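Pasted below: coords11.pdb, PDB, C-alpha atoms.
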MODEL        1
ATOM      1  CA  MET T 255      94.911  76.676 110.180
ATOM      2  CA  LYS T 256      96.906  79.596 108.753
ATOM      3  CA  ILE T 257      95.551  83.034 109.617
ATOM      4  CA  LEU T 258      96.911  86.303 108.223
ATOM      5  CA  TYR T 259      96.303  89.604 109.964
ATOM      6  CA  ILE T 260      96.776  92.773 107.937
ATOM      7  CA  LEU T 261      96.937  95.641 110.399
ATOM      8  CA  LYS T 262      96.181  99.231 109.427
ATOM      9  CA  GLN T 263      96.278 100.600 112.959
ATOM     10  CA  ASP T 264      97.586  99.697 116.388
ATOM     11  CA  PRO T 265      95.725  96.676 117.761
ATOM     12  CA  ASP T 266      93.222  97.537 120.472
ATOM     13  CA  GLU T 267      92.464  95.351 123.480
ATOM     14  CA  THR T 268      89.795  93.376 121.621
ATOM     15  CA  LEU T 269      92.011  92.633 118.651
ATOM     16  CA  ASN T 270      94.848  91.577 120.934
ATOM     17  CA  SER T 271      92.472  89.131 122.624
ATOM     18  CA  ILE T 272      91.304  87.752 119.291
ATOM     19  CA  MET T 273      94.851  87.402 117.985
ATOM     20  CA  ASN T 274      96.035  85.716 121.178
ATOM     21  CA  GLU T 275      93.180  83.243 120.951
ATOM     22  CA  HIS T 276      94.042  82.480 117.352
ATOM     23  CA  LYS T 277      97.759  82.179 118.106
ATOM     24  CA  ALA T 278      97.010  79.511 120.698
ATOM     25  CA  SER T 279      95.918  76.986 118.105
ATOM     26  CA  ASN T 280      96.733  78.366 114.667
ATOM     27  CA  ASP T 281      99.669  79.493 112.557
ATOM     28  CA  VAL T 282      99.249  83.283 112.720
ATOM     29  CA  THR T 283     101.122  85.841 110.608
ATOM     30  CA  VAL T 284     100.802  89.559 111.314
ATOM     31  CA  ILE T 285     101.606  92.212 108.707
ATOM     32  CA  ASP T 286     101.608  95.894 109.621
ATOM     33  CA  LEU T 287     100.529  97.600 106.426
ATOM     34  CA  ARG T 288     101.792 100.950 107.698
ATOM     35  CA  GLU T 289     105.348  99.649 107.598
ATOM     36  CA  ASN T 290     105.377  96.740 105.204
ATOM     37  CA  LYS T 291     104.973  97.827 101.588
ATOM     38  CA  ASN T 292     106.262  94.562 100.120
ATOM     39  CA  TYR T 293     103.079  94.003  98.190
ATOM     40  CA  ASP T 294     104.376  90.911  96.387
ATOM     41  CA  GLN T 295     104.986  89.243  99.740
ATOM     42  CA  ILE T 296     101.595  90.331 101.072
ATOM     43  CA  ILE T 297      99.763  88.975  98.025
ATOM     44  CA  ASP T 298     101.571  85.653  98.421
ATOM     45  CA  LEU T 299     100.572  85.573 102.089
ATOM     46  CA  ILE T 300      96.938  86.364 101.258
ATOM     47  CA  SER T 301      96.969  83.529  98.762
ATOM     48  CA  GLU T 302      98.680  81.039 101.085
ATOM     49  CA  ASN T 303      96.695  81.681 104.271
ATOM     50  CA  ASP T 304      93.357  80.056 105.003
ATOM     51  CA  LYS T 305      91.862  83.170 106.596
ATOM     52  CA  VAL T 306      92.641  86.844 106.105
ATOM     53  CA  ILE T 307      91.618  89.489 108.627
ATOM     54  CA  SER T 308      92.227  93.176 107.842
ATOM     55  CA  TRP T 309      92.027  95.350 110.932
TER      56      TRP T 309
ATOM     57  CA  MET U 101      93.168  83.454  93.262
ATOM     58  CA  LYS U 102      90.313  85.890  92.989
ATOM     59  CA  LEU U 103      90.950  88.707  95.447
ATOM     60  CA  GLY U 104      88.150  90.950  96.659
ATOM     61  CA  ILE U 105      88.979  94.388  98.020
ATOM     62  CA  LEU U 106      86.384  96.332  99.980
ATOM     63  CA  VAL U 107      87.406  99.987  99.858
ATOM     64  CA  ASN U 108      85.492 101.712 102.643
ATOM     65  CA  THR U 109      87.982 104.369 103.728
ATOM     66  CA  ASP U 110      90.031 106.963 101.873
ATOM     67  CA  LYS U 111      93.242 106.208 103.776
ATOM     68  CA  HIS U 112      95.030 103.423 101.912
ATOM     69  CA  LEU U 113      95.330 104.395  98.261
ATOM     70  CA  GLU U 114      99.013 103.452  97.979
ATOM     71  CA  ASP U 115      98.220 100.007  99.362
ATOM     72  CA  ILE U 116      95.205  99.502  97.097
ATOM     73  CA  ILE U 117      97.285 100.328  94.034
ATOM     74  CA  GLY U 118     100.276  98.290  95.174
ATOM     75  CA  LEU U 119      98.308  95.204  96.111
ATOM     76  CA  THR U 120      96.176  95.345  92.961
ATOM     77  CA  LYS U 121      99.162  95.621  90.634
ATOM     78  CA  SER U 122     101.080  92.940  92.494
ATOM     79  CA  ALA U 123      98.094  90.579  92.391
ATOM     80  CA  LEU U 124      97.704  91.095  88.642
ATOM     81  CA  SER U 125     101.409  90.530  88.050
ATOM     82  CA  LYS U 126     101.077  87.152  89.737
ATOM     83  CA  GLY U 127      98.121  86.126  87.573
ATOM     84  CA  HIS U 128      95.396  86.781  90.134
ATOM     85  CA  GLU U 129      92.135  88.588  89.482
ATOM     86  CA  VAL U 130      90.981  91.556  91.546
ATOM     87  CA  THR U 131      87.417  92.625  92.240
ATOM     88  CA  MET U 132      86.949  95.902  94.064
ATOM     89  CA  PHE U 133      83.832  97.316  95.681
ATOM     90  CA  THR U 134      83.928 100.897  96.914
ATOM     91  CA  MET U 135      81.563 102.366  99.474
ATOM     92  CA  ASP U 136      81.410 104.858 102.323
ATOM     93  CA  GLU U 137      84.514 107.118 102.524
ATOM     94  CA  GLY U 138      86.155 105.068  99.789
ATOM     95  CA  THR U 139      84.044 106.956  97.272
ATOM     96  CA  ASN U 140      86.222 110.003  97.980
ATOM     97  CA  PHE U 141      88.854 108.308  95.783
ATOM     98  CA  PHE U 142      86.720 108.981  92.723
ATOM     99  CA  THR U 143      88.473 112.298  92.268
ATOM    100  CA  ASP U 144      91.844 110.540  92.020
ATOM    101  CA  PRO U 145      92.696 109.097  88.600
ATOM    102  CA  SER U 146      95.314 106.796  90.121
ATOM    103  CA  PHE U 147      92.404 104.987  91.757
ATOM    104  CA  THR U 148      89.838 105.128  88.995
ATOM    105  CA  GLU U 149      92.327 104.132  86.299
ATOM    106  CA  LEU U 150      92.808 100.784  88.042
ATOM    107  CA  SER U 151      89.488  99.835  86.463
ATOM    108  CA  LYS U 152      91.153  99.766  83.059
ATOM    109  CA  LEU U 153      93.678  97.104  84.005
ATOM    110  CA  GLN U 154      93.012  93.650  82.625
ATOM    111  CA  GLY U 155      91.881  91.414  85.465
ATOM    112  CA  VAL U 156      90.307  94.192  87.518
ATOM    113  CA  THR U 157      86.563  94.588  88.070
ATOM    114  CA  MET U 158      85.324  97.658  89.944
ATOM    115  CA  SER U 159      81.930  98.730  91.201
ATOM    116  CA  PHE U 160      80.634 101.065  93.874
ATOM    117  CA  CYS U 161      77.679 101.657  96.146
ATOM    118  CA  ASP U 162      75.636 104.383  94.522
ATOM    119  CA  HIS U 163      73.839 104.987  97.823
ATOM    120  CA  SER U 164      77.148 105.798  99.537
ATOM    121  CA  ALA U 165      78.289 107.984  96.677
ATOM    122  CA  LYS U 166      75.125 110.037  96.850
ATOM    123  CA  GLN U 167      75.297 110.300 100.651
ATOM    124  CA  LEU U 168      78.836 111.649 100.488
ATOM    125  CA  ASN U 169      78.342 113.720  97.342
ATOM    126  CA  ALA U 170      81.114 111.761  95.675
ATOM    127  CA  LYS U 171      82.082 112.747  92.179
ATOM    128  CA  THR U 172      80.731 110.040  89.902
ATOM    129  CA  ASP U 173      80.416 112.076  86.713
ATOM    130  CA  GLY U 174      83.180 111.158  84.334
ATOM    131  CA  LEU U 175      84.149 107.914  86.001
ATOM    132  CA  PRO U 176      85.592 105.379  83.553
ATOM    133  CA  SER U 177      82.857 103.265  82.012
ATOM    134  CA  GLU U 178      84.567 100.184  83.434
ATOM    135  CA  ILE U 179      83.425 101.203  86.944
ATOM    136  CA  THR U 180      79.886  99.991  87.572
ATOM    137  CA  SER U 181      77.463 102.058  89.601
ATOM    138  CA  GLY U 182      75.806  99.479  91.780
ATOM    139  CA  SER U 183      74.581  98.473  95.186
ATOM    140  CA  GLN U 184      75.343  96.093  98.025
ATOM    141  CA  TYR U 185      74.354  93.354  95.588
ATOM    142  CA  ASP U 186      77.688  93.941  93.842
ATOM    143  CA  ASN U 187      79.434  93.736  97.218
ATOM    144  CA  ALA U 188      77.665  90.458  97.943
ATOM    145  CA  ALA U 189      78.602  89.126  94.523
ATOM    146  CA  MET U 190      82.240  89.990  95.207
ATOM    147  CA  TYR U 191      82.407  87.831  98.344
ATOM    148  CA  ASN U 192      80.465  85.062  96.655
ATOM    149  CA  SER U 193      82.927  84.873  93.779
ATOM    150  CA  CYS U 194      86.227  85.695  95.504
ATOM    151  CA  ASP U 195      88.585  83.292  97.244
ATOM    152  CA  LYS U 196      90.021  85.871  99.635
ATOM    153  CA  SER U 197      89.077  89.389 100.643
ATOM    154  CA  ILE U 198      90.654  92.362 102.336
ATOM    155  CA  VAL U 199      89.225  95.618 103.680
ATOM    156  CA  LEU U 200      91.125  98.848 103.055
TER     157      LEU U 200
ATOM    158  CA  MET N 104      78.814  77.640  96.364
ATOM    159  CA  ALA N 105      77.465  79.553  99.345
ATOM    160  CA  LYS N 106      80.042  81.341 101.468
ATOM    161  CA  LYS N 107      80.052  82.102 105.180
ATOM    162  CA  ILE N 108      80.719  85.740 105.917
ATOM    163  CA  ALA N 109      81.300  87.552 109.215
ATOM    164  CA  VAL N 110      80.662  91.295 109.302
ATOM    165  CA  ILE N 111      82.348  92.863 112.315
ATOM    166  CA  VAL N 112      80.732  96.086 113.423
ATOM    167  CA  ARG N 113      83.270  98.357 115.105
ATOM    168  CA  ASP N 114      83.113 102.165 115.325
ATOM    169  CA  ARG N 115      81.278 102.987 112.091
ATOM    170  CA  GLN N 116      78.176 101.128 113.152
ATOM    171  CA  GLY N 117      75.700 102.640 110.722
ATOM    172  CA  GLU N 118      77.475 101.703 107.508
ATOM    173  CA  ALA N 119      78.617  98.364 108.930
ATOM    174  CA  MET N 120      75.054  97.389 109.810
ATOM    175  CA  ARG N 121      73.799  98.565 106.424
ATOM    176  CA  MET N 122      76.420  96.442 104.689
ATOM    177  CA  GLY N 123      75.714  93.430 106.902
ATOM    178  CA  LEU N 124      72.101  93.498 105.863
ATOM    179  CA  GLY N 125      72.787  94.489 102.274
ATOM    180  CA  ILE N 126      75.008  91.564 101.422
ATOM    181  CA  ILE N 127      72.359  88.940 102.222
ATOM    182  CA  LEU N 128      71.136  89.424  98.665
ATOM    183  CA  LEU N 129      72.823  86.214  97.518
ATOM    184  CA  ASP N 130      72.593  82.830  99.209
ATOM    185  CA  ASP N 131      75.630  83.324 101.420
ATOM    186  CA  VAL N 132      75.357  83.014 105.192
ATOM    187  CA  ILE N 133      75.950  86.390 106.837
ATOM    188  CA  ASP N 134      76.581  86.665 110.574
ATOM    189  CA  VAL N 135      77.078  90.011 112.297
ATOM    190  CA  TYR N 136      79.303  90.749 115.286
ATOM    191  CA  VAL N 137      78.819  94.016 117.173
ATOM    192  CA  LEU N 138      82.043  94.647 119.049
ATOM    193  CA  ASP N 139      82.897  96.499 122.210
ATOM    194  CA  ARG N 140      80.028  98.965 122.447
ATOM    195  CA  LYS N 141      76.291  99.243 122.529
ATOM    196  CA  LEU N 142      74.678  99.579 119.140
ATOM    197  CA  GLU N 143      73.709 103.212 118.889
ATOM    198  CA  GLU N 144      69.946 103.506 118.755
ATOM    199  CA  THR N 145      69.623 105.446 115.532
ATOM    200  CA  GLU N 146      66.609 104.965 113.317
ATOM    201  CA  ASP N 147      68.718 103.169 110.694
ATOM    202  CA  ASN N 148      70.492 100.887 113.194
ATOM    203  CA  THR N 149      67.216  99.929 114.823
ATOM    204  CA  LEU N 150      65.584  99.171 111.479
ATOM    205  CA  ASN N 151      68.574  97.209 110.226
ATOM    206  CA  PHE N 152      68.846  95.181 113.428
ATOM    207  CA  GLU N 153      65.131  94.431 113.490
ATOM    208  CA  THR N 154      65.300  93.320 109.865
ATOM    209  CA  MET N 155      68.264  91.074 110.662
ATOM    210  CA  LYS N 156      66.218  89.421 113.373
ATOM    211  CA  ASP N 157      63.267  89.033 111.004
ATOM    212  CA  MET N 158      65.613  87.371 108.519
ATOM    213  CA  ASP N 159      66.850  84.970 111.242
ATOM    214  CA  MET N 160      70.393  86.286 110.898
ATOM    215  CA  ASN N 161      72.804  85.638 113.746
ATOM    216  CA  VAL N 162      73.853  88.831 115.510
ATOM    217  CA  TYR N 163      76.501  88.321 118.166
ATOM    218  CA  THR N 164      78.135  90.759 120.529
ATOM    219  CA  ASN N 165      80.877  90.844 123.137
ATOM    220  CA  CYS N 166      79.147  93.798 124.834
ATOM    221  CA  LYS N 167      76.529  92.899 127.423
ATOM    222  CA  ASP N 168      74.779  96.236 126.886
ATOM    223  CA  ASN N 169      73.356  94.801 123.664
ATOM    224  CA  LYS N 170      70.461  93.012 125.323
ATOM    225  CA  ASP N 171      68.788  91.547 122.242
ATOM    226  CA  MET N 172      71.953  90.012 120.780
ATOM    227  CA  GLU N 173      73.642  86.728 121.606
ATOM    228  CA  TYR N 174      76.534  87.426 123.952
ATOM    229  CA  LEU N 175      79.920  85.838 123.315
ATOM    230  CA  SER N 176      83.152  86.422 125.174
ATOM    231  CA  THR N 177      85.856  87.863 122.953
ATOM    232  CA  GLU N 178      87.689  84.520 123.179
ATOM    233  CA  ASP N 179      84.640  82.564 122.023
ATOM    234  CA  LEU N 180      84.060  85.126 119.330
ATOM    235  CA  ALA N 181      87.622  84.600 118.094
ATOM    236  CA  LYS N 182      87.047  80.854 117.871
ATOM    237  CA  LYS N 183      83.896  81.353 115.809
ATOM    238  CA  LEU N 184      85.635  83.702 113.376
ATOM    239  CA  THR N 185      87.781  80.891 112.013
ATOM    240  CA  GLN N 186      84.635  79.282 110.580
ATOM    241  CA  TYR N 187      84.104  81.999 107.974
ATOM    242  CA  ASP N 188      85.266  82.301 104.383
ATOM    243  CA  HIS N 189      85.346  86.087 104.608
ATOM    244  CA  ILE N 190      85.871  88.137 107.773
ATOM    245  CA  LEU N 191      85.030  91.798 107.270
ATOM    246  CA  PRO N 192      85.915  94.198 110.079
ATOM    247  CA  TYR N 193      84.175  97.485 109.333
TER     248      TYR N 193
ENDMDL
END
Can the structure from this file be put into structure tokens for me?
Amino acid sequence: MKILYILKQDPDETLNSIMNEHKASNDVTVIDLRENKNYDQIIDLISENDKVISW
Amino acid sequence: MKLGILVNTDKHLEDIIGLTKSALSKGHEVTMFTMDEGTNFFTDPSFTELSKLQGVTMSFCDHSAKQLNAKTDGLPSEITSGSQYDNAAMYNSCDKSIVL
Amino acid sequence: MAKKIAVIVRDRQGEAMRMGLGIILLDDVIDVYVLDRKLEETEDNTLNFETMKDMDMNVYTNCKDNKDMEYLSTEDLAKKLTQYDHILPY
């Protein structure tokens, strides 16, 4: 499964645990929205991934 | 793709605008529901004018707006004053959703 | 078609709980996850949580202080999240 994380803040301990769990058995992509303003790329990733988690 | 955007903070206006315009340029549709601190954007035309773009549907939680004394007078007619029902309808109809 | 939606309650518990309850208005399945801290016992939170229970909604937590909710480790919680169409951290 492809999972996209869109981060708006530094990951806390809980989010790191969730992401690590997902990375163990899924194809995980992490975008830091504070740095990445390539909106065309982000929209493509949202479209392509099975799950999207904004945090 | 139908993209739902829950706007519940007033911190990511640049991203909301950028992602909305990019999605439209790629032929996607965007539905936006604004609540909580997101209603503070109602004073910013760069946010409210998104409602006039073809392919964009916008509504907001009237309860939130009243709680936060958000400015709803003079909003474009394309923005629907609504409730969590509109939020529910967004998730029901959208393929993907993000929270900003 | 009905969707499966996870509402993740983080620091803004009041509005997150209100939304979690509010979006049951259609036929979608709404599950609520209270993360990391005890649900503050405000009048609104208590009412919303009680209503969720009355509606047979699933309310999970990774915080053992939330006695009336189903406890999940953060790892198990992560596994469950992949089952949802929409995941909404609030």
Starting from the shown file, work through the ChimeraX specification (/U :<6) & /N and note down what comes out as an MDAnalysis selection string.
-> chainID N and resid 125:126 128
Return as a ChimeraX atom specification the set of residues that the PyMOL selection byres ((chain T) within 9 of (chain U)) yields on the displayed structure.
-> /T:260,262,287,291-294,296-298,300-301,304-309
Would you be able to write out as a PDB file with C-alpha atoms, in the coordinates of the input which residues have an atom within 7 Å of (81.4, 104.3, 94.0) in the file's coordinates, counting all atoms listed in the file?
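Okay, result_20.pdb is ready:
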ATOM      1  CA  THR U 134      83.928 100.897  96.914  1.00  0.00           C
ATOM      2  CA  MET U 135      81.563 102.366  99.474  1.00  0.00           C
ATOM      3  CA  THR U 139      84.044 106.956  97.272  1.00  0.00           C
ATOM      4  CA  SER U 159      81.930  98.730  91.201  1.00  0.00           C
ATOM      5  CA  PHE U 160      80.634 101.065  93.874  1.00  0.00           C
ATOM      6  CA  CYS U 161      77.679 101.657  96.146  1.00  0.00           C
ATOM      7  CA  ASP U 162      75.636 104.383  94.522  1.00  0.00           C
ATOM      8  CA  ALA U 165      78.289 107.984  96.677  1.00  0.00           C
ATOM      9  CA  SER U 181      77.463 102.058  89.601  1.00  0.00           C
TER      10      SER U 181
END
Pairwise distance for CA of Asp281 (chain T) and CA of Asn303 (chain T), rounded to one decimal in Å =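 Atom-to-atom, CA of Asp281 (chain T) to CA of Asn303 (chain T), that is 9.1 Å.
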Taking only C-alpha atoms into account, which residues of chain T are within 10 Å of chain N, as a ChimeraX atom specification?
-> /T:255-257,267-276,279-280,304-309
Fewer than 6 positions away in the same chain doesn't count, so skip those; otherwise give me all residues within 8 Å of region 131-134 of chain N, counting all atoms listed in the file, as a PyMOL selection string.
-> (chain U and resi 192) or (chain N and resi 105-110+123+160-163)
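Going from CA of Met122 (chain N) to CA of Asn151 (chain N) covers 9.6 Å.
As for CA of Phe142 (chain U) and CA of Met120 (chain N), they are spaced 23.7 Å apart.
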For the file shown, report as a list in words the outcome of the PyMOL selection byres ((chain U and resi 174) around 12) at residue level.
->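 On this input, the PyMOL selection byres ((chain U and resi 174) around 12) captures Phe142, Thr143, Asp144, Pro145, Thr148, Glu149, Ala170, Lys171, Thr172, Asp173, Leu175, Pro176, Ser177, Glu178, Ile179 and Ser181 of chain U.
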Limit the output to N, CA and C atoms and give region 273-300 of chain T as a PDB file, in the first residue's frame.
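This went into out-v3.pdb:
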ATOM      1  N   MET T 273       4.486   6.297  11.777  1.00  0.00           N
ATOM      2  CA  MET T 273       5.185   6.253  10.486  1.00  0.00           C
ATOM      3  C   MET T 273       6.109   5.038  10.403  1.00  0.00           C
ATOM      4  N   ASN T 274       6.812   4.747  11.486  1.00  0.00           N
ATOM      5  CA  ASN T 274       7.707   3.588  11.473  1.00  0.00           C
ATOM      6  C   ASN T 274       6.931   2.296  11.256  1.00  0.00           C
ATOM      7  N   GLU T 275       5.777   2.205  11.887  1.00  0.00           N
ATOM      8  CA  GLU T 275       4.937   1.021  11.693  1.00  0.00           C
ATOM      9  C   GLU T 275       4.494   0.912  10.237  1.00  0.00           C
ATOM     10  N   HIS T 276       4.111   2.018   9.665  1.00  0.00           N
ATOM     11  CA  HIS T 276       3.670   2.002   8.270  1.00  0.00           C
ATOM     12  C   HIS T 276       4.832   1.708   7.322  1.00  0.00           C
ATOM     13  N   LYS T 277       6.001   2.239   7.650  1.00  0.00           N
ATOM     14  CA  LYS T 277       7.166   2.010   6.769  1.00  0.00           C
ATOM     15  C   LYS T 277       7.573   0.535   6.748  1.00  0.00           C
ATOM     16  N   ALA T 278       7.238  -0.180   7.804  1.00  0.00           N
ATOM     17  CA  ALA T 278       7.644  -1.585   7.881  1.00  0.00           C
ATOM     18  C   ALA T 278       6.973  -2.442   6.810  1.00  0.00           C
ATOM     19  N   SER T 279       5.795  -2.047   6.379  1.00  0.00           N
ATOM     20  CA  SER T 279       5.092  -2.916   5.429  1.00  0.00           C
ATOM     21  C   SER T 279       4.370  -2.148   4.323  1.00  0.00           C
ATOM     22  N   ASN T 280       4.725  -0.899   4.139  1.00  0.00           N
ATOM     23  CA  ASN T 280       4.089  -0.100   3.095  1.00  0.00           C
ATOM     24  C   ASN T 280       5.126   0.787   2.399  1.00  0.00           C
ATOM     25  N   ASP T 281       4.717   1.323   1.266  1.00  0.00           N
ATOM     26  CA  ASP T 281       5.550   2.269   0.526  1.00  0.00           C
ATOM     27  C   ASP T 281       5.164   3.673   1.008  1.00  0.00           C
ATOM     28  N   VAL T 282       6.007   4.249   1.875  1.00  0.00           N
ATOM     29  CA  VAL T 282       5.667   5.513   2.534  1.00  0.00           C
ATOM     30  C   VAL T 282       6.457   6.681   1.924  1.00  0.00           C
ATOM     31  N   THR T 283       5.749   7.751   1.605  1.00  0.00           N
ATOM     32  CA  THR T 283       6.377   8.987   1.144  1.00  0.00           C
ATOM     33  C   THR T 283       6.049  10.093   2.144  1.00  0.00           C
ATOM     34  N   VAL T 284       7.060  10.872   2.506  1.00  0.00           N
ATOM     35  CA  VAL T 284       6.859  11.953   3.467  1.00  0.00           C
ATOM     36  C   VAL T 284       7.194  13.290   2.797  1.00  0.00           C
ATOM     37  N   ILE T 285       6.233  14.195   2.831  1.00  0.00           N
ATOM     38  CA  ILE T 285       6.418  15.551   2.308  1.00  0.00           C
ATOM     39  C   ILE T 285       6.352  16.526   3.485  1.00  0.00           C
ATOM     40  N   ASP T 286       7.335  17.391   3.589  1.00  0.00           N
ATOM     41  CA  ASP T 286       7.279  18.448   4.602  1.00  0.00           C
ATOM     42  C   ASP T 286       6.743  19.711   3.928  1.00  0.00           C
ATOM     43  N   LEU T 287       5.513  20.035   4.246  1.00  0.00           N
ATOM     44  CA  LEU T 287       4.845  21.149   3.567  1.00  0.00           C
ATOM     45  C   LEU T 287       5.457  22.501   3.927  1.00  0.00           C
ATOM     46  N   ARG T 288       6.262  22.539   4.967  1.00  0.00           N
ATOM     47  CA  ARG T 288       6.922  23.800   5.325  1.00  0.00           C
ATOM     48  C   ARG T 288       8.063  24.107   4.365  1.00  0.00           C
ATOM     49  N   GLU T 289       8.573  23.069   3.731  1.00  0.00           N
ATOM     50  CA  GLU T 289       9.727  23.252   2.840  1.00  0.00           C
ATOM     51  C   GLU T 289       9.379  23.005   1.382  1.00  0.00           C
ATOM     52  N   ASN T 290       8.502  22.074   1.155  1.00  0.00           N
ATOM     53  CA  ASN T 290       8.184  21.676  -0.215  1.00  0.00           C
ATOM     54  C   ASN T 290       6.958  22.435  -0.701  1.00  0.00           C
ATOM     55  N   LYS T 291       7.153  23.345  -1.623  1.00  0.00           N
ATOM     56  CA  LYS T 291       6.032  24.110  -2.179  1.00  0.00           C
ATOM     57  C   LYS T 291       5.784  23.707  -3.634  1.00  0.00           C
ATOM     58  N   ASN T 292       6.255  22.528  -4.003  1.00  0.00           N
ATOM     59  CA  ASN T 292       6.004  22.026  -5.362  1.00  0.00           C
ATOM     60  C   ASN T 292       4.609  21.407  -5.384  1.00  0.00           C
ATOM     61  N   TYR T 293       3.620  22.291  -5.526  1.00  0.00           N
ATOM     62  CA  TYR T 293       2.245  21.834  -5.379  1.00  0.00           C
ATOM     63  C   TYR T 293       1.826  20.847  -6.465  1.00  0.00           C
ATOM     64  N   ASP T 294       2.393  21.002  -7.676  1.00  0.00           N
ATOM     65  CA  ASP T 294       2.064  20.047  -8.735  1.00  0.00           C
ATOM     66  C   ASP T 294       2.504  18.637  -8.339  1.00  0.00           C
ATOM     67  N   GLN T 295       3.699  18.550  -7.769  1.00  0.00           N
ATOM     68  CA  GLN T 295       4.191  17.238  -7.327  1.00  0.00           C
ATOM     69  C   GLN T 295       3.318  16.689  -6.198  1.00  0.00           C
ATOM     70  N   ILE T 296       2.941  17.562  -5.266  1.00  0.00           N
ATOM     71  CA  ILE T 296       2.158  17.102  -4.116  1.00  0.00           C
ATOM     72  C   ILE T 296       0.775  16.610  -4.563  1.00  0.00           C
ATOM     73  N   ILE T 297       0.172  17.335  -5.491  1.00  0.00           N
ATOM     74  CA  ILE T 297      -1.140  16.889  -6.002  1.00  0.00           C
ATOM     75  C   ILE T 297      -1.007  15.535  -6.686  1.00  0.00           C
ATOM     76  N   ASP T 298       0.053  15.363  -7.465  1.00  0.00           N
ATOM     77  CA  ASP T 298       0.256  14.048  -8.112  1.00  0.00           C
ATOM     78  C   ASP T 298       0.417  12.960  -7.055  1.00  0.00           C
ATOM     79  N   LEU T 299       1.153  13.261  -5.997  1.00  0.00           N
ATOM     80  CA  LEU T 299       1.357  12.264  -4.940  1.00  0.00           C
ATOM     81  C   LEU T 299       0.041  11.946  -4.219  1.00  0.00           C
ATOM     82  N   ILE T 300      -0.763  12.972  -3.960  1.00  0.00           N
ATOM     83  CA  ILE T 300      -2.060  12.740  -3.321  1.00  0.00           C
ATOM     84  C   ILE T 300      -2.903  11.811  -4.198  1.00  0.00           C
TER      85      ILE T 300
END
